[in-house]
>>> print(open('protein20.cif').read())   # mmCIF, C-alpha atoms
data_model
loop_
_atom_site.group_PDB
_atom_site.id
_atom_site.type_symbol
_atom_site.label_atom_id
_atom_site.label_comp_id
_atom_site.auth_asym_id
_atom_site.auth_seq_id
_atom_site.Cartn_x
_atom_site.Cartn_y
_atom_site.Cartn_z
ATOM 1 C CA MET M 765 -79.996 -139.094 -9.277
ATOM 2 C CA THR M 766 -81.361 -142.249 -7.699
ATOM 3 C CA GLU M 767 -83.513 -142.208 -4.588
ATOM 4 C CA CYS M 768 -80.686 -143.854 -2.641
ATOM 5 C CA HIS M 769 -78.245 -141.090 -3.638
ATOM 6 C CA MET M 770 -80.783 -138.406 -2.751
ATOM 7 C CA ASN M 771 -81.313 -139.904 0.699
ATOM 8 C CA ALA M 772 -77.581 -140.052 1.280
ATOM 9 C CA ALA M 773 -77.190 -136.429 0.173
ATOM 10 C CA ASN M 774 -80.006 -135.380 2.497
ATOM 11 C CA CYS M 775 -78.356 -137.174 5.423
ATOM 12 C CA VAL M 776 -75.072 -135.375 4.745
ATOM 13 C CA LEU M 777 -76.901 -132.030 4.488
ATOM 14 C CA VAL M 778 -78.752 -132.596 7.764
ATOM 15 C CA ALA M 779 -75.541 -133.623 9.497
ATOM 16 C CA PHE M 780 -73.752 -130.532 8.175
ATOM 17 C CA LEU M 781 -76.563 -128.230 9.338
ATOM 18 C CA LEU M 782 -76.495 -129.840 12.797
ATOM 19 C CA ALA M 783 -72.754 -129.388 12.959
ATOM 20 C CA LEU M 784 -73.015 -125.781 11.781
ATOM 21 C CA SER M 785 -75.722 -124.997 14.343
ATOM 22 C CA THR M 786 -73.500 -126.319 17.132
ATOM 23 C CA TYR M 787 -70.603 -124.220 15.821
ATOM 24 C CA VAL M 788 -72.745 -121.074 15.876
ATOM 25 C CA TYR M 789 -74.039 -121.927 19.371
ATOM 26 C CA ASN M 790 -70.492 -122.317 20.699
ATOM 27 C CA LYS M 791 -69.426 -119.013 19.139
ATOM 28 C CA LEU M 792 -72.370 -117.214 20.739
ATOM 29 C CA ALA M 793 -71.554 -118.832 24.089
ATOM 30 C CA ASP M 794 -67.968 -117.590 23.791
ATOM 31 C CA ILE M 795 -69.198 -114.056 23.104
ATOM 32 C CA LYS M 796 -71.611 -114.192 26.037
ATOM 33 C CA ASP M 797 -69.013 -115.445 28.507
ATOM 34 C CA GLY M 798 -66.067 -113.487 27.197
ATOM 35 C CA ASP M 799 -62.847 -113.586 29.195
ATOM 36 C CA SER M 800 -64.178 -111.839 32.302
ATOM 37 C CA ASN M 801 -64.339 -113.448 35.718
ATOM 38 C CA GLN M 802 -67.762 -112.110 36.635
ATOM 39 C CA ASN M 803 -69.352 -115.561 36.500
ATOM 40 C CA ARG M 804 -66.475 -117.387 38.155
ATOM 41 C CA SER M 805 -65.011 -117.788 41.623
ATOM 42 C CA PHE M 806 -61.677 -119.174 42.754
ATOM 43 C CA PHE M 807 -60.412 -120.461 46.119
ATOM 44 C CA ILE M 808 -56.922 -121.779 46.780
ATOM 45 C CA ASN M 809 -54.774 -123.355 49.514
ATOM 46 C CA ALA M 810 -51.052 -122.585 49.733
ATOM 47 C CA HIS M 811 -48.990 -124.479 47.152
ATOM 48 C CA SER M 812 -45.417 -125.619 46.777
ATOM 49 C CA GLU M 813 -43.384 -123.812 44.147
ATOM 50 C CA SER M 814 -42.080 -127.057 42.606
ATOM 51 C CA ILE M 815 -45.198 -128.907 41.520
ATOM 52 C CA VAL M 816 -44.789 -132.008 39.374
ATOM 53 C CA LEU M 817 -48.399 -133.147 38.994
ATOM 54 C CA SER M 818 -51.574 -131.090 38.635
ATOM 55 C CA VAL M 819 -54.734 -133.173 38.983
ATOM 56 C CA ILE M 820 -57.715 -131.554 37.248
ATOM 57 C CA VAL M 821 -61.099 -132.775 38.511
ATOM 58 C CA PRO M 822 -64.186 -131.577 36.583
ATOM 59 C CA ALA M 823 -67.250 -131.880 38.818
ATOM 60 C CA TYR M 824 -70.949 -131.287 38.215
ATOM 61 C CA ASN M 825 -73.378 -132.159 41.031
ATOM 62 C CA GLU M 826 -70.863 -134.592 42.512
ATOM 63 C CA ALA M 827 -71.668 -134.104 46.213
ATOM 64 C CA LEU M 828 -72.212 -137.832 46.661
ATOM 65 C CA ARG M 829 -69.207 -139.198 44.774
ATOM 66 C CA LEU M 830 -66.570 -136.484 45.208
ATOM 67 C CA PRO M 831 -65.753 -137.053 48.940
ATOM 68 C CA LYS M 832 -64.532 -140.598 48.287
ATOM 69 C CA MET M 833 -62.583 -139.521 45.227
ATOM 70 C CA LEU M 834 -60.845 -136.699 47.120
ATOM 71 C CA SER M 835 -60.049 -138.979 50.053
ATOM 72 C CA LEU M 836 -58.492 -141.688 47.862
ATOM 73 C CA THR M 837 -56.665 -139.210 45.641
ATOM 74 C CA LEU M 838 -55.199 -137.060 48.410
ATOM 75 C CA SER M 839 -54.133 -140.105 50.418
ATOM 76 C CA TYR M 840 -52.271 -141.562 47.431
ATOM 77 C CA LEU M 841 -50.706 -138.263 46.338
ATOM 78 C CA ASN M 842 -49.540 -137.354 49.851
ATOM 79 C CA GLU M 843 -47.799 -140.699 50.133
ATOM 80 C CA ASN M 844 -46.260 -140.763 46.654
ATOM 81 C CA PHE M 845 -45.789 -137.140 45.600
ATOM 82 C CA LYS M 846 -45.321 -135.424 48.982
ATOM 83 C CA ALA M 847 -45.700 -131.664 48.423
ATOM 84 C CA LYS M 848 -45.089 -131.819 44.689
ATOM 85 C CA TYR M 849 -48.699 -132.004 43.541
ATOM 86 C CA GLU M 850 -51.905 -129.988 43.436
ATOM 87 C CA VAL M 851 -55.570 -130.891 43.007
ATOM 88 C CA ILE M 852 -57.766 -128.422 41.131
ATOM 89 C CA VAL M 853 -61.497 -129.123 41.381
ATOM 90 C CA VAL M 854 -63.564 -127.254 38.810
ATOM 91 C CA ASP M 855 -67.207 -127.017 39.846
ATOM 92 C CA ASP M 856 -69.134 -126.741 36.598
ATOM 93 C CA GLY M 857 -72.089 -124.773 37.952
ATOM 94 C CA SER M 858 -73.320 -127.451 40.371
ATOM 95 C CA THR M 859 -76.664 -126.960 42.117
ATOM 96 C CA ASP M 860 -75.768 -129.256 45.043
ATOM 97 C CA GLN M 861 -73.061 -129.051 47.727
ATOM 98 C CA THR M 862 -70.126 -129.886 45.457
ATOM 99 C CA SER M 863 -68.281 -126.613 46.107
ATOM 100 C CA GLN M 864 -68.959 -126.718 49.828
ATOM 101 C CA ILE M 865 -67.450 -130.215 50.050
ATOM 102 C CA VAL M 866 -64.249 -128.962 48.439
ATOM 103 C CA LYS M 867 -64.157 -125.908 50.723
ATOM 104 C CA ASN M 868 -64.596 -128.167 53.751
ATOM 105 C CA ALA M 869 -61.676 -130.294 52.572
ATOM 106 C CA MET M 870 -59.562 -127.172 52.129
ATOM 107 C CA GLU M 871 -60.421 -125.855 55.590
ATOM 108 C CA SER M 872 -59.818 -129.148 57.375
ATOM 109 C CA SER M 873 -56.357 -129.801 55.928
ATOM 110 C CA GLU M 874 -53.328 -128.149 54.392
ATOM 111 C CA ASP M 875 -53.500 -130.329 51.309
ATOM 112 C CA PRO M 876 -52.841 -128.340 48.101
ATOM 113 C CA ILE M 877 -56.437 -128.159 46.853
ATOM 114 C CA SER M 878 -57.921 -125.399 44.702
ATOM 115 C CA LEU M 879 -61.548 -124.768 43.806
ATOM 116 C CA PHE M 880 -62.643 -122.979 40.670
ATOM 117 C CA ARG M 881 -66.374 -122.508 40.140
ATOM 118 C CA PHE M 882 -68.545 -121.565 37.170
ATOM 119 C CA GLU M 883 -71.816 -119.947 38.196
ATOM 120 C CA ARG M 884 -73.623 -121.764 35.390
ATOM 121 C CA ASN M 885 -73.063 -125.152 33.807
ATOM 122 C CA ARG M 886 -70.686 -124.920 30.844
ATOM 123 C CA GLY M 887 -69.736 -128.524 30.162
ATOM 124 C CA LYS M 888 -66.967 -130.964 31.063
ATOM 125 C CA GLY M 889 -64.667 -129.670 28.332
ATOM 126 C CA ALA M 890 -64.951 -126.108 29.601
ATOM 127 C CA ALA M 891 -64.280 -127.300 33.159
ATOM 128 C CA VAL M 892 -61.098 -129.161 32.217
ATOM 129 C CA LYS M 893 -59.958 -126.212 30.103
ATOM 130 C CA ALA M 894 -60.367 -123.882 33.090
ATOM 131 C CA GLY M 895 -58.321 -126.254 35.250
ATOM 132 C CA ILE M 896 -55.547 -126.434 32.661
ATOM 133 C CA LYS M 897 -55.286 -122.632 32.654
ATOM 134 C CA LEU M 898 -54.688 -122.694 36.419
ATOM 135 C CA MET M 899 -52.230 -125.608 36.577
ATOM 136 C CA LYS M 900 -48.733 -125.090 37.957
ATOM 137 C CA GLY M 901 -47.355 -128.593 37.436
ATOM 138 C CA SER M 902 -45.183 -129.969 34.659
ATOM 139 C CA LEU M 903 -47.797 -132.708 34.096
ATOM 140 C CA ALA M 904 -51.610 -132.476 34.042
ATOM 141 C CA LEU M 905 -53.825 -135.428 34.925
ATOM 142 C CA MET M 906 -57.502 -135.211 34.050
ATOM 143 C CA ALA M 907 -59.388 -137.392 36.539
ATOM 144 C CA ASP M 908 -63.154 -137.826 36.863
ATOM 145 C CA ALA M 909 -64.863 -137.075 40.171
ATOM 146 C CA ASP M 910 -66.396 -140.549 40.478
ATOM 147 C CA ALA M 911 -63.105 -142.332 41.321
ATOM 148 C CA ALA M 912 -63.885 -144.960 38.667
ATOM 149 C CA SER M 913 -60.225 -144.928 37.591
ATOM 150 C CA ASP M 914 -57.608 -146.142 40.063
ATOM 151 C CA ILE M 915 -55.507 -143.097 40.968
ATOM 152 C CA SER M 916 -52.440 -145.302 41.533
ATOM 153 C CA ASP M 917 -52.366 -145.936 37.769
ATOM 154 C CA VAL M 918 -51.084 -142.383 37.336
ATOM 155 C CA LYS M 919 -47.587 -143.818 37.848
ATOM 156 C CA VAL M 920 -48.071 -146.066 34.812
ATOM 157 C CA LEU M 921 -49.139 -143.063 32.744
ATOM 158 C CA ILE M 922 -46.218 -140.950 33.976
ATOM 159 C CA ASN M 923 -43.683 -143.653 33.154
ATOM 160 C CA LYS M 924 -45.171 -143.973 29.669
ATOM 161 C CA ILE M 925 -45.279 -140.249 28.962
ATOM 162 C CA HIS M 926 -41.580 -139.919 29.812
ATOM 163 C CA LEU M 927 -40.865 -142.650 27.265
ATOM 164 C CA ILE M 928 -42.786 -141.067 24.396
ATOM 165 C CA GLU M 929 -42.507 -137.297 24.933
ATOM 166 C CA VAL M 930 -40.570 -135.224 22.423
ATOM 167 C CA ASP M 931 -39.591 -131.607 23.163
ATOM 168 C CA ASP M 932 -41.728 -131.684 26.338
ATOM 169 C CA VAL M 933 -44.815 -132.752 24.385
ATOM 170 C CA GLY M 934 -46.687 -135.966 25.075
ATOM 171 C CA VAL M 935 -50.165 -137.359 25.794
ATOM 172 C CA VAL M 936 -51.121 -140.671 27.410
ATOM 173 C CA ILE M 937 -54.738 -141.863 27.288
ATOM 174 C CA GLY M 938 -56.028 -144.142 30.042
ATOM 175 C CA SER M 939 -58.010 -146.962 28.433
ATOM 176 C CA ARG M 940 -60.800 -149.349 29.401
ATOM 177 C CA ALA M 941 -60.679 -151.159 26.061
ATOM 178 C CA HIS M 942 -59.099 -154.249 27.644
ATOM 179 C CA ILE M 943 -62.243 -154.820 29.737
ATOM 180 C CA GLN M 944 -64.606 -154.306 26.807
ATOM 181 C CA SER M 945 -65.439 -158.013 26.413
ATOM 182 C CA ASP M 946 -66.512 -158.228 30.068
ATOM 183 C CA SER M 947 -68.590 -155.079 29.662
ATOM 184 C CA VAL M 948 -70.324 -156.420 26.575
ATOM 185 C CA ALA M 949 -71.309 -159.574 28.457
ATOM 186 C CA LYS M 950 -73.048 -157.445 31.122
ATOM 187 C CA ARG M 951 -74.629 -154.877 28.789
ATOM 188 C CA SER M 952 -78.042 -155.014 27.154
ATOM 189 C CA TRP M 953 -78.051 -155.591 23.384
ATOM 190 C CA TYR M 954 -78.927 -151.999 22.497
ATOM 191 C CA ARG M 955 -76.079 -150.626 24.622
ATOM 192 C CA THR M 956 -73.697 -152.975 22.819
ATOM 193 C CA VAL M 957 -75.001 -151.910 19.391
ATOM 194 C CA LEU M 958 -74.644 -148.215 20.276
ATOM 195 C CA MET M 959 -71.156 -148.811 21.674
ATOM 196 C CA LYS M 960 -69.983 -150.543 18.504
ATOM 197 C CA GLY M 961 -71.619 -147.839 16.387
ATOM 198 C CA PHE M 962 -69.843 -145.163 18.399
ATOM 199 C CA HIS M 963 -66.475 -146.882 17.985
ATOM 200 C CA PHE M 964 -67.054 -147.118 14.217
ATOM 201 C CA CYS M 965 -67.799 -143.372 14.077
ATOM 202 C CA VAL M 966 -64.674 -142.592 16.110
ATOM 203 C CA ILE M 967 -62.585 -144.480 13.547
ATOM 204 C CA LEU M 968 -64.415 -142.745 10.692
ATOM 205 C CA PHE M 969 -64.292 -139.168 11.995
ATOM 206 C CA CYS M 970 -61.655 -138.973 14.701
ATOM 207 C CA SER M 971 -58.922 -141.541 15.267
ATOM 208 C CA ARG M 972 -57.873 -145.026 14.184
ATOM 209 C CA LYS M 973 -55.182 -145.096 16.857
ATOM 210 C CA ILE M 974 -57.100 -144.628 20.129
ATOM 211 C CA ARG M 975 -59.716 -147.245 21.072
ATOM 212 C CA ASP M 976 -61.130 -145.553 24.179
ATOM 213 C CA THR M 977 -61.482 -141.822 23.568
ATOM 214 C CA GLN M 978 -63.878 -141.148 26.459
ATOM 215 C CA CYS M 979 -62.053 -142.512 29.492
ATOM 216 C CA GLY M 980 -61.771 -139.733 32.089
ATOM 217 C CA PHE M 981 -58.143 -140.454 32.953
ATOM 218 C CA LYS M 982 -55.683 -138.690 30.660
ATOM 219 C CA LEU M 983 -52.176 -137.333 31.230
ATOM 220 C CA PHE M 984 -50.618 -134.402 29.368
ATOM 221 C CA THR M 985 -47.286 -132.656 29.532
ATOM 222 C CA ARG M 986 -47.796 -128.993 30.361
ATOM 223 C CA LYS M 987 -46.804 -127.883 26.865
ATOM 224 C CA ALA M 988 -49.210 -130.326 25.214
ATOM 225 C CA ALA M 989 -52.063 -129.413 27.571
ATOM 226 C CA GLU M 990 -51.682 -125.676 27.021
ATOM 227 C CA THR M 991 -51.566 -126.072 23.233
ATOM 228 C CA LEU M 992 -54.520 -128.451 23.024
ATOM 229 C CA PHE M 993 -56.897 -126.791 25.468
ATOM 230 C CA SER M 994 -56.178 -123.240 24.317
ATOM 231 C CA ASN M 995 -57.478 -124.373 20.915
ATOM 232 C CA LEU M 996 -60.453 -126.388 22.216
ATOM 233 C CA HIS M 997 -63.897 -125.556 20.792
ATOM 234 C CA LEU M 998 -66.159 -128.291 22.171
ATOM 235 C CA GLU M 999 -67.199 -127.598 25.773
ATOM 236 C CA LYS M 1000 -69.473 -130.563 26.445
ATOM 237 C CA TRP M 1001 -68.857 -134.314 26.864
ATOM 238 C CA ALA M 1002 -67.346 -134.903 23.418
ATOM 239 C CA PHE M 1003 -64.371 -132.584 23.946
ATOM 240 C CA ASP M 1004 -62.061 -135.636 24.250
ATOM 241 C CA ILE M 1005 -62.680 -136.342 20.576
ATOM 242 C CA GLU M 1006 -61.442 -132.912 19.530
ATOM 243 C CA ILE M 1007 -58.393 -133.210 21.799
ATOM 244 C CA ILE M 1008 -57.409 -136.556 20.273
ATOM 245 C CA TYR M 1009 -58.134 -135.278 16.749
ATOM 246 C CA LEU M 1010 -55.846 -132.292 17.383
ATOM 247 C CA CYS M 1011 -53.130 -134.559 18.775
ATOM 248 C CA GLU M 1012 -53.119 -136.596 15.600
ATOM 249 C CA ARG M 1013 -53.210 -133.565 13.301
ATOM 250 C CA LEU M 1014 -50.362 -131.935 15.271
ATOM 251 C CA LYS M 1015 -48.457 -135.252 15.341
ATOM 252 C CA PHE M 1016 -48.090 -135.080 19.108
ATOM 253 C CA PRO M 1017 -46.598 -138.236 20.670
ATOM 254 C CA MET M 1018 -49.664 -140.067 22.000
ATOM 255 C CA CYS M 1019 -50.425 -143.568 23.193
ATOM 256 C CA GLU M 1020 -53.069 -145.561 25.044
ATOM 257 C CA VAL M 1021 -52.410 -147.419 28.312
ATOM 258 C CA ASN M 1022 -54.695 -149.923 30.046
ATOM 259 C CA ILE M 1023 -55.846 -148.853 33.510
ATOM 260 C CA ASN M 1024 -57.849 -150.353 36.350
ATOM 261 C CA TRP M 1025 -61.411 -149.099 36.131
ATOM 262 C CA GLN M 1026 -64.757 -149.895 37.730
ATOM 263 C CA GLU M 1027 -68.210 -148.593 36.942
ATOM 264 C CA VAL M 1028 -69.570 -146.258 39.630
ATOM 265 C CA PRO M 1029 -73.312 -145.498 39.864
ATOM 266 C CA GLY M 1030 -74.452 -141.899 39.515
ATOM 267 C CA SER M 1031 -73.664 -140.989 35.904
ATOM 268 C CA LYS M 1032 -74.736 -137.454 34.967
ATOM 269 C CA LEU M 1033 -74.684 -138.298 31.272
ATOM 270 C CA ILE M 1034 -77.094 -141.249 31.213
ATOM 271 C CA THR M 1035 -79.864 -141.297 33.824
ATOM 272 C CA LYS M 1036 -82.564 -143.103 31.816
ATOM 273 C CA LYS M 1037 -82.749 -145.406 28.783
ATOM 274 C CA LEU M 1038 -83.651 -142.635 26.328
ATOM 275 C CA ASP M 1039 -80.467 -140.784 27.297
ATOM 276 C CA ILE M 1040 -78.403 -143.535 25.672
ATOM 277 C CA ILE M 1041 -79.872 -142.641 22.277
ATOM 278 C CA THR M 1042 -79.861 -138.849 22.693
ATOM 279 C CA THR M 1043 -76.320 -138.860 24.057
ATOM 280 C CA SER M 1044 -75.115 -141.049 21.183
ATOM 281 C CA MET M 1045 -76.698 -138.662 18.654
ATOM 282 C CA CYS M 1046 -75.079 -135.656 20.317
ATOM 283 C CA MET M 1047 -71.703 -137.386 20.299
ATOM 284 C CA LEU M 1048 -72.105 -138.237 16.608
ATOM 285 C CA ARG M 1049 -73.030 -134.620 15.887
ATOM 286 C CA ASP M 1050 -69.934 -133.372 17.695
ATOM 287 C CA MET M 1051 -67.672 -135.843 15.906
ATOM 288 C CA MET M 1052 -69.009 -134.591 12.581
ATOM 289 C CA LEU M 1053 -68.635 -131.013 13.810
ATOM 290 C CA VAL M 1054 -64.940 -131.549 14.511
ATOM 291 C CA LYS M 1055 -64.390 -133.137 11.104
ATOM 292 C CA PHE M 1056 -66.373 -130.496 9.174
ATOM 293 C CA CYS M 1057 -65.036 -127.418 10.969
ATOM 294 C CA PHE M 1058 -61.379 -128.385 10.656
ATOM 295 C CA SER M 1059 -61.820 -129.661 7.089
ATOM 296 C CA PHE M 1060 -63.576 -126.484 5.876
ATOM 297 C CA GLY M 1061 -61.339 -124.074 7.767
ATOM 298 C CA LEU M 1062 -63.901 -122.876 10.300
ATOM 299 C CA TRP M 1063 -61.503 -124.053 12.993
ATOM 300 C CA HIS M 1064 -57.770 -123.853 12.490
ATOM 301 C CA ILE M 1065 -55.015 -126.273 13.416
ATOM 302 C CA PRO M 1066 -52.500 -124.367 15.612
ATOM 303 C CA LYS M 1067 -48.988 -124.029 14.258
#
>>> encode(input="protein20.cif", output="structure tokens")
Amino acid sequence: MTECHMNAANCVLVAFLLALSTYVYNKLADIKDGDSNQNRSFFINAHSESIVLSVIVPAYNEALRLPKMLSLTLSYLNENFKAKYEVIVVDDGSTDQTSQIVKNAMESSEDPISLFRFERNRGKGAAVKAGIKLMKGSLALMADADAASDISDVKVLINKIHLIEVDDVGVVIGSRAHIQSDSVAKRSWYRTVLMKGFHFCVILFCSRKIRDTQCGFKLFTRKAAETLFSNLHLEKWAFDIEIIYLCERLKFPMCEVNINWQEVPGSKLITKKLDIITTSMCMLRDMMLVKFCFSFGLWHIPK
């Protein structure tokens, strides 16, 4: 075997061991948390019985950005959905005043807001999964707490999902891919290289169909959401990749729709330059984990 082949084999082995270690870690975390509610708390305002849209907002230390997001979201939903919506904020173990801000909003209005709180940080995927379990609507919108995505674009996503859904199953992915050229012009060279590398890995390990897997603005029919998130394994930032991978394997109707989006300061994922590299490596690891675990039968495709 040539040195080149040996190096390639070593890279594959290292990647597999990293993926396997993450799999074991997630299994141990599941055992530790179990299905009990001892590390969780739940607060709710009165809701209408006929809810059309459930907005799931994962939030971790979002005391600064969440008030604006809630204000914009509730204003739009009250005007366009009347009493046929709910907003579920899932506090992912925040150490700031995130939960208190939601409680204040609940106490100062009769808007249909719910708060679910993990006592410790679990990850964005776990937060969205918890919100999906609580939803009462026929549609579930995942929306980030930073208000980077224009909430009014939910109508575009709803119109599209009604066009593509089959047997009450459909998924529409909000996309920032159309503004990629503008973003590249403003980014440093290493951010651009990492971005292109990430997109290549998405095509290689996850999906050739979806260009922007990580946009925090996604719409699911209730049936699709319950199927996908009940079978979710990744709890951190890369959970979107597993969701999209499952959609393709299950042949769920899925499409990507351009949305209005603006960058909002205060990212919890990248706070310094080194985070760009470490985050990219973790995302690559999780992409390989999804591919390996489903390919080798460690994780099973639901029937």
>>> residues_around(input="protein20.cif", residues="Ser858 of chain M", least_positions_apart="4", cutoff="8 Å", atoms="all atoms listed in the file", output="PDB file with C-alpha atoms, in the frame of the given file")
ATOM      1  CA  ALA M 823     -67.250-131.880  38.818  1.00  0.00           C
ATOM      2  CA  TYR M 824     -70.949-131.287  38.215  1.00  0.00           C
ATOM      3  CA  ASN M 825     -73.378-132.159  41.031  1.00  0.00           C
ATOM      4  CA  GLU M 826     -70.863-134.592  42.512  1.00  0.00           C
ATOM      5  CA  THR M 862     -70.126-129.886  45.457  1.00  0.00           C
ATOM      6  CA  SER M 863     -68.281-126.613  46.107  1.00  0.00           C
ATOM      7  CA  GLU M 883     -71.816-119.947  38.196  1.00  0.00           C
ATOM      8  CA  ARG M 884     -73.623-121.764  35.390  1.00  0.00           C
ATOM      9  CA  ASN M 885     -73.063-125.152  33.807  1.00  0.00           C
TER      10      ASN M 885
END
>>> residues_around(input="protein20.cif", residues="segment 913-929 of chain M", least_positions_apart="4", cutoff="8 Å", atoms="all atoms listed in the file", output="PyMOL selection string")
chain M and resi 836-837+840+905+907-908+933-938+980-981+983-985+1017-1018+1021+1023-1026
>>> closest_residue(input="protein20.cif", among="M:Leu879, M:Val821, M:Gly901, M:Ser994", to="Lys848 of chain M", atoms="only C-alpha atoms")
M:Gly901
>>> atom_distance(input="protein20.cif", atom1="atom CA of Ile820 of chain M", atom2="atom CA of Ile1065 of chain M")
24.6 Å
>>> closest_residue(input="protein20.cif", among="M:Gln864, M:Ser902, M:Ser835, M:Thr991", to="Arg881 of chain M", atoms="only C-alpha atoms")
M:Gln864
>>> decode(input="protein20.cif", residues="segment 856-913 of chain M", atoms="C-alpha atoms", output="short mmCIF file (atom, residue, chain, number, x, y, z; two decimals), in the first residue's frame")
data_model
loop_
_atom_site.label_atom_id
_atom_site.label_comp_id
_atom_site.auth_asym_id
_atom_site.auth_seq_id
_atom_site.Cartn_x
_atom_site.Cartn_y
_atom_site.Cartn_z
CA ASP M 856 -31.96 25.75 26.29
CA GLY M 857 -30.49 26.13 29.77
CA SER M 858 -29.72 29.85 29.51
CA THR M 859 -27.68 31.51 32.26
CA ASP M 860 -29.07 35.00 31.54
CA GLN M 861 -32.60 36.45 31.74
CA THR M 862 -33.97 34.67 28.67
CA SER M 863 -36.72 32.83 30.57
CA GLN M 864 -37.66 35.88 32.59
CA ILE M 865 -38.14 37.91 29.40
CA VAL M 866 -40.57 35.32 28.08
CA LYS M 867 -42.42 35.19 31.41
CA ASN M 868 -42.71 38.98 31.39
CA ALA M 869 -44.18 38.84 27.89
CA MET M 870 -46.66 36.20 29.03
CA GLU M 871 -47.72 38.21 32.07
CA SER M 872 -48.12 41.49 30.20
CA SER M 873 -50.34 40.14 27.42
CA GLU M 874 -52.76 37.39 26.51
CA ASP M 875 -50.74 36.38 23.48
CA PRO M 876 -50.50 32.58 23.11
CA ILE M 877 -46.90 32.17 24.31
CA SER M 878 -45.45 29.10 26.01
CA LEU M 879 -42.09 28.69 27.73
CA PHE M 880 -40.30 25.38 28.05
CA ARG M 881 -36.97 25.37 29.87
CA PHE M 882 -34.09 22.91 30.14
CA GLU M 883 -32.11 23.31 33.35
CA ARG M 884 -28.88 22.60 31.48
CA ASN M 885 -27.80 23.35 27.94
CA ARG M 886 -28.68 20.49 25.59
CA GLY M 887 -28.26 21.99 22.13
CA LYS M 888 -30.39 23.67 19.47
CA GLY M 889 -31.59 20.35 18.06
CA ALA M 890 -32.82 19.20 21.46
CA ALA M 891 -34.58 22.55 21.97
CA VAL M 892 -36.45 22.38 18.66
CA LYS M 893 -37.34 18.74 19.32
CA ALA M 894 -38.86 19.68 22.68
CA GLY M 895 -40.91 22.42 21.01
CA ILE M 896 -42.18 20.03 18.35
CA LYS M 897 -43.42 17.65 21.05
CA LEU M 898 -45.50 20.47 22.55
CA MET M 899 -46.92 21.93 19.32
CA LYS M 900 -50.67 22.03 18.75
CA GLY M 901 -50.72 23.51 15.26
CA SER M 902 -51.07 21.82 11.89
CA LEU M 903 -47.84 23.54 10.79
CA ALA M 904 -44.57 24.06 12.69
CA LEU M 905 -42.23 26.95 11.94
CA MET M 906 -38.73 26.82 13.38
CA ALA M 907 -37.55 30.42 13.82
CA ASP M 908 -34.31 31.63 15.39
CA ALA M 909 -34.41 34.03 18.34
CA ASP M 910 -32.28 36.67 16.60
CA ALA M 911 -35.02 37.81 14.16
CA ALA M 912 -32.53 37.51 11.29
CA SER M 913 -35.26 35.99 9.10
#
